[in-house]
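Shown below: data_23.txt, with compact mmCIF, C-alpha atoms.
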```txt
# COMPACT_ATOMS: atom_id res chain seq x y z
CA PHE O 1 24.45 72.43 188.54
CA ASN O 2 24.97 76.19 188.60
CA VAL O 3 25.43 78.11 191.87
CA ALA O 4 25.40 81.92 191.87
CA VAL O 5 26.63 84.05 194.77
CA ALA O 6 24.98 87.45 194.57
CA GLN O 7 26.75 90.57 195.74
CA LEU O 8 26.17 90.97 199.46
CA VAL O 9 23.88 93.75 200.66
CA GLU O 10 25.34 95.89 203.43
CA THR O 11 22.91 96.77 206.23
CA PRO O 12 22.79 99.63 206.86
CA GLU O 13 24.17 100.61 203.47
CA GLY O 14 27.88 101.38 203.48
CA THR O 15 28.54 100.20 207.03
CA ALA O 16 30.70 97.25 205.93
CA ASP O 17 33.21 99.60 204.28
CA GLY O 18 32.70 98.08 200.85
CA LEU O 19 33.76 94.62 202.05
CA GLY O 20 30.47 93.07 200.86
CA ALA O 21 31.76 92.69 197.30
CA VAL O 22 35.03 91.20 198.58
CA LEU O 23 33.18 88.74 200.78
CA SER O 24 30.87 87.66 197.92
CA GLN O 25 33.88 86.55 195.92
CA GLN O 26 35.45 84.92 198.97
CA ILE O 27 32.29 82.90 199.65
CA ALA O 28 32.29 81.73 196.03
CA THR O 29 35.94 80.68 196.39
CA GLU O 30 35.19 78.81 199.62
CA LEU O 31 32.27 77.04 197.95
CA SER O 32 34.39 75.99 194.99
CA ARG O 33 37.06 74.67 197.36
CA GLU O 34 34.44 72.73 199.35
CA TYR O 35 32.89 71.23 196.21
CA ASP O 36 36.32 70.33 194.83
CA SER O 37 37.21 68.54 198.06
CA LEU O 38 34.10 66.41 197.65
CA ALA O 39 34.84 65.77 193.96
CA LEU O 40 31.65 67.59 192.95
CA ASP O 41 33.12 68.70 189.64
CA GLU O 42 29.71 69.02 188.00
CA ILE O 43 28.96 72.13 190.08
CA ALA O 44 29.90 75.58 188.78
CA VAL O 45 30.09 78.52 191.20
CA SER O 46 30.11 82.13 190.07
CA ALA O 47 30.13 85.49 191.84
CA GLU O 48 31.55 87.63 189.05
CA ASN O 49 29.40 90.54 187.88
CA MET O 50 26.51 89.42 190.09
CA PRO O 51 24.10 92.17 191.19
CA PRO O 52 23.13 92.73 194.82
CA VAL O 53 20.10 90.67 195.86
CA ALA O 54 18.01 91.61 198.88
CA THR O 55 14.69 89.78 198.44
CA PRO O 56 13.47 86.28 197.52
CA GLN O 57 11.87 87.62 194.34
CA GLN O 58 15.12 89.26 193.25
CA ALA O 59 16.86 85.89 193.80
CA ILE O 60 14.25 84.12 191.67
CA ASP O 61 14.61 86.74 188.93
CA LEU O 62 18.40 86.33 188.96
CA ALA O 63 18.09 82.52 188.77
CA ASN O 64 15.76 82.80 185.79
CA ARG O 65 18.01 85.31 184.03
CA ILE O 66 21.30 83.38 184.34
CA ASN O 67 19.91 79.83 184.55
CA ALA O 68 21.13 79.22 188.11
CA ASN O 69 19.91 76.24 190.11
CA LEU O 70 20.87 77.81 193.43
CA VAL O 71 21.28 81.48 194.33
CA ILE O 72 23.03 82.40 197.57
CA TYR O 73 22.32 85.93 198.70
CA CYS O 74 23.28 87.53 201.98
CA THR O 75 23.05 90.61 204.11
CA VAL O 76 26.22 91.72 205.90
CA GLU O 77 26.70 94.03 208.86
CA ARG O 78 30.01 95.09 210.38
CA VAL O 79 30.26 94.96 214.15
CA ASP O 80 33.70 95.91 215.50
CA ASN O 81 36.16 93.51 213.84
CA GLY O 82 33.59 91.08 212.51
CA LEU O 83 31.24 90.80 209.57
CA TYR O 84 27.88 89.31 210.53
CA VAL O 85 26.52 87.53 207.49
CA THR O 86 23.00 86.15 207.13
CA PRO O 87 23.00 83.74 204.16
CA ARG O 88 19.83 82.86 202.32
CA PHE O 89 19.38 80.21 199.68
CA SER O 90 16.94 80.34 196.78
CA VAL O 91 16.44 77.19 194.72
CA HIS O 92 15.00 77.31 191.24
CA ASP O 93 11.56 75.78 190.62
CA PRO O 94 10.19 73.16 190.81
CA TYR O 95 12.03 72.27 194.04
CA ARG O 96 11.58 75.49 195.98
CA GLN O 97 8.94 74.21 198.38
CA ASP O 98 10.88 71.15 199.50
CA VAL O 99 14.03 73.18 199.97
CA ALA O 100 12.27 76.05 201.72
CA GLU O 101 11.33 73.63 204.47
CA LEU O 102 15.00 72.78 205.03
CA ASN O 103 16.22 76.33 204.52
CA GLY O 104 13.98 78.75 206.40
CA ASP O 105 12.29 76.43 208.87
CA HIS O 106 15.50 74.76 210.00
CA GLY O 107 17.92 77.65 210.25
CA LEU O 108 20.24 77.26 207.28
CA ASP O 109 19.90 81.04 207.17
CA ALA O 110 21.32 81.51 210.70
CA GLN O 111 24.06 84.13 211.01
CA ILE O 112 27.72 83.37 210.33
CA VAL O 113 30.49 85.61 211.65
CA TYR O 114 33.52 86.37 209.46
CA ASP O 115 36.41 87.85 211.42
CA LEU O 116 38.41 90.71 209.94
CA CYS O 117 42.14 90.12 209.87
CA GLN O 118 44.00 92.39 212.28
CA PRO O 119 46.12 94.40 211.85
CA PRO O 120 45.25 94.91 208.18
CA ALA O 121 48.85 95.66 207.18
CA ASP O 122 49.94 92.12 208.19
CA CYS O 123 47.09 90.31 206.39
CA PRO O 124 47.16 88.70 202.94
CA ALA O 125 43.38 89.20 202.80
CA PRO O 126 41.08 91.47 204.83
CA ILE O 127 38.60 88.72 205.77
CA LEU O 128 39.45 85.44 207.47
CA PRO O 129 37.89 82.35 205.86
CA SER O 130 34.93 80.48 207.34
CA PRO O 131 33.99 77.10 205.84
CA GLU O 132 30.62 77.07 207.61
CA VAL O 133 28.64 78.61 204.77
CA GLY O 134 30.29 76.13 202.41
CA LEU O 135 29.06 73.17 204.44
CA ARG O 136 25.54 74.59 204.63
CA SER O 137 25.52 75.21 200.90
CA THR O 138 26.84 71.71 200.19
CA ILE O 139 24.03 70.15 202.23
CA LEU O 140 21.46 72.22 200.38
CA THR O 141 23.05 71.60 196.98
CA ASP O 142 23.14 67.82 197.40
CA PHE O 143 19.60 67.83 198.79
CA THR O 144 18.41 69.77 195.75
CA LYS O 145 20.32 67.48 193.40
CA ALA O 146 18.67 64.47 195.06
CA LEU O 147 15.27 66.02 194.29
CA VAL O 148 16.31 66.74 190.70
CA TYR O 149 17.52 63.18 190.14
CA LEU O 150 14.43 61.77 191.85
CA SER O 151 12.08 63.73 189.60
CA SER O 152 13.98 62.53 186.52
CA GLY O 153 13.85 58.89 187.65
CA ASP O 154 17.60 58.51 188.25
CA LEU O 155 17.22 56.81 191.62
CA ARG O 156 20.85 55.71 191.95
CA ALA O 157 22.12 59.29 191.51
CA ALA O 158 19.40 60.54 193.87
CA ARG O 159 20.52 58.07 196.53
CA THR O 160 24.17 59.11 196.09
CA ALA O 161 23.29 62.79 196.48
CA ILE O 162 21.11 62.36 199.57
CA ASP O 163 23.65 60.07 201.24
CA ARG O 164 26.31 62.73 200.63
CA ALA O 165 24.03 65.41 202.11
CA LEU O 166 23.60 63.24 205.22
CA ARG O 167 27.36 62.77 205.58
CA THR O 168 27.92 66.51 205.23
CA SER O 169 25.26 67.27 207.84
CA ASP O 170 27.08 64.93 210.25
CA GLU O 171 30.32 66.79 209.50
CA TYR O 172 28.58 70.12 210.09
CA SER O 173 27.22 68.92 213.45
CA ALA O 174 30.66 67.72 214.52
CA GLN O 175 32.34 71.06 213.67
CA TYR O 176 29.68 73.59 214.66
CA SER O 177 26.36 72.76 216.24
CA GLU O 178 23.79 70.04 215.65
CA PHE O 179 22.39 70.41 212.16
CA ALA O 180 18.72 71.29 212.68
CA GLY O 181 16.78 69.84 209.80
CA GLU O 182 18.48 66.49 209.35
CA GLU O 183 15.08 64.82 209.61
CA VAL O 184 14.16 66.40 206.25
CA LEU O 185 17.14 64.66 204.67
CA TYR O 186 16.19 61.32 206.23
CA VAL O 187 12.62 61.54 204.97
CA THR O 188 13.90 62.23 201.46
CA ALA O 189 16.25 59.25 201.79
CA SER O 190 13.26 57.14 202.88
CA TYR O 191 11.25 58.14 199.82
CA ILE O 192 14.17 57.43 197.48
CA SER O 193 14.75 54.03 199.10
CA GLN O 194 11.09 53.14 198.78
CA SER O 195 11.17 54.15 195.13
CA GLN O 196 14.09 51.75 194.73
CA GLY O 197 12.04 48.95 196.30
CA GLU O 198 14.22 48.88 199.42
CA ALA O 199 11.51 48.76 202.09
CA PRO O 200 13.78 48.02 205.09
CA ALA O 201 15.99 51.02 204.30
CA ALA O 202 12.94 53.21 203.70
CA GLU O 203 11.52 52.23 207.08
CA ALA O 204 14.87 52.76 208.84
CA TYR O 205 15.27 56.24 207.38
CA ALA O 206 11.70 57.19 208.32
CA ARG O 207 12.19 55.98 211.89
CA ARG O 208 15.47 57.89 212.10
CA ALA O 209 13.65 61.07 211.05
CA LEU O 210 11.01 60.53 213.73
CA GLY O 211 13.72 59.80 216.29
CA LEU O 212 15.14 63.25 215.58
CA ASN O 213 11.74 64.95 215.56
CA PRO O 214 8.65 62.99 216.71
CA ASN O 215 6.48 65.97 215.72
CA TYR O 216 7.60 65.83 212.09
CA GLY O 217 4.54 65.14 209.96
CA ARG O 218 6.47 64.06 206.87
CA GLY O 219 8.25 61.44 208.97
CA HIS O 220 4.92 59.89 209.95
CA ILE O 221 3.80 60.02 206.32
CA ALA O 222 7.03 58.36 205.13
CA LEU O 223 6.56 55.52 207.62
CA ALA O 224 2.88 55.21 206.69
CA ASN O 225 3.88 54.99 203.01
CA VAL O 226 6.09 52.01 203.84
CA ASP O 227 3.21 50.35 205.69
CA TYR O 228 0.79 51.05 202.86
CA THR O 229 3.11 49.55 200.24
CA ALA O 230 3.56 46.47 202.44
CA GLY O 231 -0.23 46.07 202.74
CA ARG O 232 -0.34 47.00 206.43
CA LEU O 233 -3.39 49.22 205.90
CA ALA O 234 -4.34 49.68 209.55
CA ALA O 235 -0.82 50.84 210.46
CA ALA O 236 -0.71 53.10 207.41
CA ARG O 237 -4.02 54.67 208.33
CA ASP O 238 -2.79 55.34 211.88
CA GLY O 239 0.34 57.00 210.52
CA TYR O 240 -1.51 59.26 208.11
CA GLU O 241 -4.04 60.23 210.78
CA THR O 242 -1.22 61.05 213.21
CA ALA O 243 0.40 63.31 210.62
CA LEU O 244 -2.91 65.02 209.87
CA ALA O 245 -3.49 65.78 213.56
CA LEU O 246 -0.05 67.26 214.25
CA PRO O 247 0.05 71.02 214.92
CA ASP O 248 2.60 73.55 213.69
CA GLN O 249 3.83 71.83 210.54
CA PRO O 250 5.90 73.80 207.99
CA ALA O 251 3.57 75.05 205.28
CA GLU O 252 6.05 74.00 202.60
CA ALA O 253 5.84 70.36 203.76
CA LEU O 254 2.20 70.05 202.60
CA VAL O 255 1.56 67.60 205.43
CA PRO O 256 -2.27 67.81 205.44
CA ALA O 257 -2.54 67.29 201.67
CA LYS O 258 -0.11 64.35 201.72
CA ALA O 259 -1.91 62.80 204.69
CA HIS O 260 -5.28 63.16 202.95
CA PHE O 261 -3.83 61.56 199.82
CA GLY O 262 -2.51 58.63 201.83
CA LEU O 263 -5.80 58.16 203.66
CA GLY O 264 -7.66 58.23 200.36
CA ASN O 265 -5.39 55.46 199.09
CA VAL O 266 -5.90 53.35 202.23
CA LEU O 267 -9.68 53.69 202.03
CA SER O 268 -9.66 52.94 198.29
CA ALA O 269 -7.73 49.74 198.97
CA GLN O 270 -10.22 48.80 201.70
CA LEU O 271 -13.08 49.58 199.30
CA LEU O 272 -11.69 47.14 196.73
CA ASP O 273 -11.38 44.48 199.43
CA VAL O 274 -15.02 45.03 200.39
CA ILE O 275 -16.21 44.95 196.77
CA ASN O 276 -14.50 41.58 196.34
CA ASN O 277 -16.17 40.27 199.50
CA PRO O 278 -19.62 38.79 198.70
CA ALA O 279 -20.65 39.15 202.34
CA ALA O 280 -20.04 42.92 202.41
CA THR O 281 -23.06 45.21 202.41
CA LEU O 282 -23.83 48.01 199.99
CA ALA O 283 -23.79 50.44 202.92
CA GLU O 284 -20.21 49.44 203.76
CA ARG O 285 -19.13 50.06 200.17
CA GLU O 286 -20.82 53.45 200.09
CA ARG O 287 -19.28 54.44 203.42
CA LEU O 288 -15.74 53.60 202.35
CA GLY O 289 -16.26 55.22 198.94
CA ALA O 290 -17.53 58.45 200.46
CA ALA O 291 -14.64 58.57 202.92
CA ALA O 292 -12.05 58.00 200.17
CA LEU O 293 -13.64 60.68 197.98
CA GLY O 294 -13.59 63.13 200.88
CA HIS O 295 -9.84 62.75 201.32
CA TYR O 296 -9.03 63.09 197.61
CA GLU O 297 -11.29 66.15 197.40
CA ALA O 298 -9.40 67.62 200.38
CA VAL O 299 -6.19 67.32 198.34
CA LEU O 300 -7.83 69.18 195.43
CA ALA O 301 -9.11 71.88 197.78
CA ALA O 302 -5.63 72.40 199.21
CA PHE O 303 -4.20 72.49 195.70
CA ALA O 304 -6.74 75.11 194.64
CA GLY O 305 -5.69 77.28 197.60
CA GLU O 306 -1.96 77.09 196.81
CA ARG O 307 -0.73 80.24 195.08
CA LYS O 308 2.18 78.58 193.29
CA PRO O 309 2.18 74.78 193.75
CA ASP O 310 5.33 72.89 192.89
CA ILE O 311 5.50 70.08 190.37
CA ARG O 312 4.97 67.31 192.93
CA PHE O 313 1.85 68.95 194.35
CA GLN O 314 0.49 69.41 190.82
CA THR O 315 1.05 65.72 190.10
CA MET O 316 -0.53 64.66 193.39
CA ALA O 317 -3.59 66.77 192.57
CA ALA O 318 -3.89 65.18 189.11
CA ASP O 319 -3.50 61.72 190.66
CA SER O 320 -6.20 62.57 193.21
CA GLN O 321 -8.58 63.59 190.44
CA ALA O 322 -7.91 60.31 188.61
CA LEU O 323 -8.42 58.31 191.81
CA ILE O 324 -11.76 60.04 192.39
CA GLY O 325 -12.75 58.55 189.06
CA ARG O 326 -11.60 55.11 190.16
CA VAL O 327 -13.69 55.25 193.33
CA HIS O 328 -16.79 56.19 191.35
CA HIS O 329 -15.95 53.48 188.82
CA ALA O 330 -15.58 50.84 191.53
CA LEU O 331 -19.01 51.79 192.86
CA GLY O 332 -20.58 51.50 189.39
CA ARG O 333 -21.04 55.25 188.88
CA LEU O 334 -19.81 55.43 185.31
CA GLN O 335 -20.78 58.98 184.38
CA PRO O 336 -19.05 60.72 187.33
CA ALA O 337 -16.13 58.34 186.84
CA ALA O 338 -15.73 59.41 183.21
CA GLU O 339 -15.99 63.08 184.19
CA ALA O 340 -13.27 62.67 186.83
CA TYR O 341 -10.99 60.82 184.40
CA ARG O 342 -11.38 63.57 181.77
CA ALA O 343 -10.65 66.24 184.38
CA ALA O 344 -7.50 64.39 185.48
CA LEU O 345 -6.17 63.99 181.95
CA SER O 346 -6.76 67.67 181.22
CA MET O 347 -4.68 68.85 184.19
CA THR O 348 -1.19 70.30 183.74
CA PRO O 349 0.87 68.33 184.41
CA PRO O 350 -1.28 65.21 183.98
CA PRO O 351 -1.14 62.30 186.40
CA ARG O 352 2.05 60.24 186.57
CA PRO O 353 2.59 58.30 183.32
CA THR O 354 1.49 54.96 184.77
CA THR O 355 -1.58 56.56 186.35
CA ALA O 356 -2.39 58.42 183.13
CA ALA O 357 -2.21 55.27 181.01
CA VAL O 358 -4.57 53.39 183.32
CA THR O 359 -6.84 56.44 183.51
CA GLU O 360 -7.14 56.62 179.72
CA TRP O 361 -8.06 52.94 179.59
CA LEU O 362 -10.59 53.33 182.43
CA LEU O 363 -12.10 56.39 180.73
CA ALA O 364 -12.69 54.32 177.60
CA THR O 365 -14.24 51.57 179.73
CA ALA O 366 -16.47 53.94 181.68
CA THR O 367 -17.57 55.78 178.54
CA ALA O 368 -18.43 52.54 176.76
CA GLY O 369 -20.28 51.23 179.78
CA GLY O 370 -22.29 54.41 180.14
CA GLU O 371 -23.49 54.47 176.54
```
Same coordinates, now as structure tokens:
Amino acid sequence: FNVAVAQLVETPEGTADGLGAVLSQQIATELSREYDSLALDEIAVSAENMPPVATPQQAIDLANRINANLVIYCTVERVDNGLYVTPRFSVHDPYRQDVAELNGDHGLDAQIVYDLCQPPADCPAPILPSPEVGLRSTILTDFTKALVYLSSGDLRAARTAIDRALRTSDEYSAQYSEFAGEEVLYVTASYISQSQGEAPAAEAYARRALGLNPNYGRGHIALANVDYTAGRLAAARDGYETALALPDQPAEALVPAKAHFGLGNVLSAQLLDVINNPAATLAERERLGAAALGHYEAVLAAFAGERKPDIRFQTMAADSQALIGRVHHALGRLQPAAEAYRAALSMTPPPRPTTAAVTEWLLATATAGGE
């Protein structure tokens, strides 16, 4: 895992007396010391020969050029005997959206003050150390690593990384101020636990997230996911609807799309129950089918409006397209089912491997039945 510390940008230019370059190297040293203390020997930190970075796009370009997973770039302003540093963190695709929620929306980019050593003649170094940026970076690094491991299917490593991020956030809160954004970590821990088949832990993490922030849409979705997996469809539907109705959600969290996807799944499950019930009416089947299709189509509409969707949103959109086919198929509409299956399989990336395999089989079934 490669971390790059870009040369700090002095604002206004020249007002930090050239200490920006010195501080860039010092931050890299502090990060290395922090990672070493946590035995994170798989992380490499570099500040040597790094250019100044002032914008998110410049950080992305630098990450692409040097193959960095995380770029830390800062502005620095000297005020009397202090350097006021505003750190920003840019994570390489495909995890930028998840991390942006933790970074910008929860204040990881809040200012840090580095004191200048006085008098300079008595100081071994001009700038006094501050471990605060190291702790923030460690939280973000482990959070990102958890996402990387999760996407690769290494659930044990993902759980180790997210648990370490949670411990570091507790340490940060004890030393500085309460770490705003811990609910994001708990929701990720909930998802990892659910992927491991540990429903009680997944539920506990989701409830902890909501205890920290009852207005957090992803927390309601995480809890609804636990209910859905356990077959508690009414509770799951309530949770997804609560998330969908919440105002002021971070755009990066994709709360409406995830809530629509969950509601589509709940209604699809109810549709299958109704289809298997001889006493159910055709009108009831059509009503549930139409409602499920509406939610999956809402996911696709949100996806179409996203300028640069991350890998998880792309997969959710492909899954939604495949599930549209399944709803049509369940209602006996073989031609639209086959069209939806083909559309899903042609998307990049395609649906998740298990979904794709079933979709290919269903496409063959629908095509044969429609001939």
Could you state the separation of atom CA of O:Tyr186 and atom CA of O:Thr355 in Å, given to one decimal place?
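We find that atom CA of O:Tyr186 and atom CA of O:Thr355 lie 27.1 Å from each other.
Selecting by distance to (-2.5, 56.4, 203.9) with a limit of 7 Å and using only C-alpha atoms, one obtains Ala224, Asn225, Tyr228, Ala236, Arg237, Tyr240, Ala259, Phe261, Gly262, Leu263, Gly264, Asn265 and Val266 of chain O.
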Could you take the residues named above and write them with C-alpha atoms, as a PDB file, in the frame of the given file?
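Below you can see selection_20.pdb, which holds the result:
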```pdb
ATOM      1  CA  ALA O 224       2.880  55.210 206.690  1.00  0.00           C
ATOM      2  CA  ASN O 225       3.880  54.990 203.010  1.00  0.00           C
ATOM      3  CA  TYR O 228       0.790  51.050 202.860  1.00  0.00           C
ATOM      4  CA  ALA O 236      -0.710  53.100 207.410  1.00  0.00           C
ATOM      5  CA  ARG O 237      -4.020  54.670 208.330  1.00  0.00           C
ATOM      6  CA  TYR O 240      -1.510  59.260 208.110  1.00  0.00           C
ATOM      7  CA  ALA O 259      -1.910  62.800 204.690  1.00  0.00           C
ATOM      8  CA  PHE O 261      -3.830  61.560 199.820  1.00  0.00           C
ATOM      9  CA  GLY O 262      -2.510  58.630 201.830  1.00  0.00           C
ATOM     10  CA  LEU O 263      -5.800  58.160 203.660  1.00  0.00           C
ATOM     11  CA  GLY O 264      -7.660  58.230 200.360  1.00  0.00           C
ATOM     12  CA  ASN O 265      -5.390  55.460 199.090  1.00  0.00           C
ATOM     13  CA  VAL O 266      -5.900  53.350 202.230  1.00  0.00           C
TER      14      VAL O 266
END
```
Interatomic distance (Å, one decimal) between atom CA of O:Ala290 and atom CA of O:Ile311
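It comes out at 27.7 Å.
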Nearby residues (only C-alpha atoms) at most 8 Å from O:Ala318, same-chain spacing under 2 positions excluded, as a list of chain:residue names
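Contacts, in chain order: O:Gln314, O:Thr315, O:Met316, O:Ser320, O:Gln321, O:Ala322, O:Ala344, O:Leu345, O:Met347, O:Thr348, O:Pro349, O:Pro350, O:Pro351.
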Compare O:Ser268, O:Thr55, O:Asn276, O:Ser90 by their minimum atom-to-atom distance to O:Gly325, counting only C-alpha atoms, and give me the closest one.
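Counting only C-alpha atoms, the residue closest to O:Gly325 is O:Ser268.
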Distance atom CA of O:Leu363-atom CA of O:Gly289, one decimal place?
18.7 Å
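The residue that comes closest to O:Ala357, out of O:Gln270, O:Glu42, O:Tyr341, O:Ile192 and on the basis of all atoms listed in the file, is O:Tyr341.
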Smallest atom-to-atom distance to O:Cys117: which of O:Ala180, O:Ala201, O:Val274, O:Leu83, using only C-alpha atoms?
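Smallest separation from O:Cys117 among the options: O:Leu83.
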List the neighbours of O:Ala301 out to 12 Å using only C-alpha atoms; skip same-chain residues closer than 4 positions along the sequence, and give me the result as a ChimeraX atom specification.
/O:256-257,260-261,294-297,305-306,313,317,320-321
Between O:Tyr216, O:Tyr191, O:Tyr176, O:Phe303, single out the one closest to O:Ile112, counting only C-alpha atoms.
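Nearest candidate to O:Ile112 out of O:Tyr216, O:Tyr191, O:Tyr176, O:Phe303: O:Tyr176.
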Size and centre in Å, one decimal, axis-aligned box, all listed stretch 82-93 of chain O atoms plus 4 Å per side, as AutoDock Vina command-line options:
```
--center_x 22.6 --center_y 83.4 --center_z 201.6 --size_x 30.0 --size_y 23.3 --size_z 29.9
```
Which residues, written as a PyMOL selection string, have at least one atom at most 9 Å from O:Thr86, with all atoms listed in the file counted and residues fewer than 4 positions away on the same chain left out?
chain O and resi 73-77+109-113
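Each of O:Ala330, O:Leu70, O:Ile127, O:Ala245 was compared to O:Gln25 using all atoms listed in the file, and O:Ile127 turns out to be the nearest.
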Within 10 Å of stretch 143-160 of chain O, which residues of stretch 167-268 of chain O come that close, and what is the closest atom pair and distance in Å for each? Count only C-alpha atoms and give it as JSON lines.
```
{"residue": "O:Val184", "atom": "CA", "partner": "O:Phe143", "partner_atom": "CA", "distance": 9.3}
{"residue": "O:Leu185", "atom": "CA", "partner": "O:Phe143", "partner_atom": "CA", "distance": 7.1}
{"residue": "O:Thr188", "atom": "CA", "partner": "O:Leu147", "partner_atom": "CA", "distance": 8.2}
{"residue": "O:Ala189", "atom": "CA", "partner": "O:Arg159", "partner_atom": "CA", "distance": 6.9}
{"residue": "O:Ser190", "atom": "CA", "partner": "O:Arg159", "partner_atom": "CA", "distance": 9.7}
{"residue": "O:Tyr191", "atom": "CA", "partner": "O:Leu150", "partner_atom": "CA", "distance": 9.3}
{"residue": "O:Ile192", "atom": "CA", "partner": "O:Arg159", "partner_atom": "CA", "distance": 6.5}
{"residue": "O:Ser193", "atom": "CA", "partner": "O:Arg159", "partner_atom": "CA", "distance": 7.5}
{"residue": "O:Ser195", "atom": "CA", "partner": "O:Leu155", "partner_atom": "CA", "distance": 7.5}
{"residue": "O:Gln196", "atom": "CA", "partner": "O:Leu155", "partner_atom": "CA", "distance": 6.7}
```
May I have the residues within 8 Å of O:Leu128 as a list in words, using only C-alpha atoms and disregarding those fewer than 4 positions away in the same chain?
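Counting only C-alpha atoms, the residues come to Tyr114, Asp115, Leu116 and Cys117 of chain O.
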For O:Ala292, which residue among O:Gly332, O:Ala304, O:Asn49, O:Ile324 is the nearest when counting all atoms listed in the file?
O:Ile324
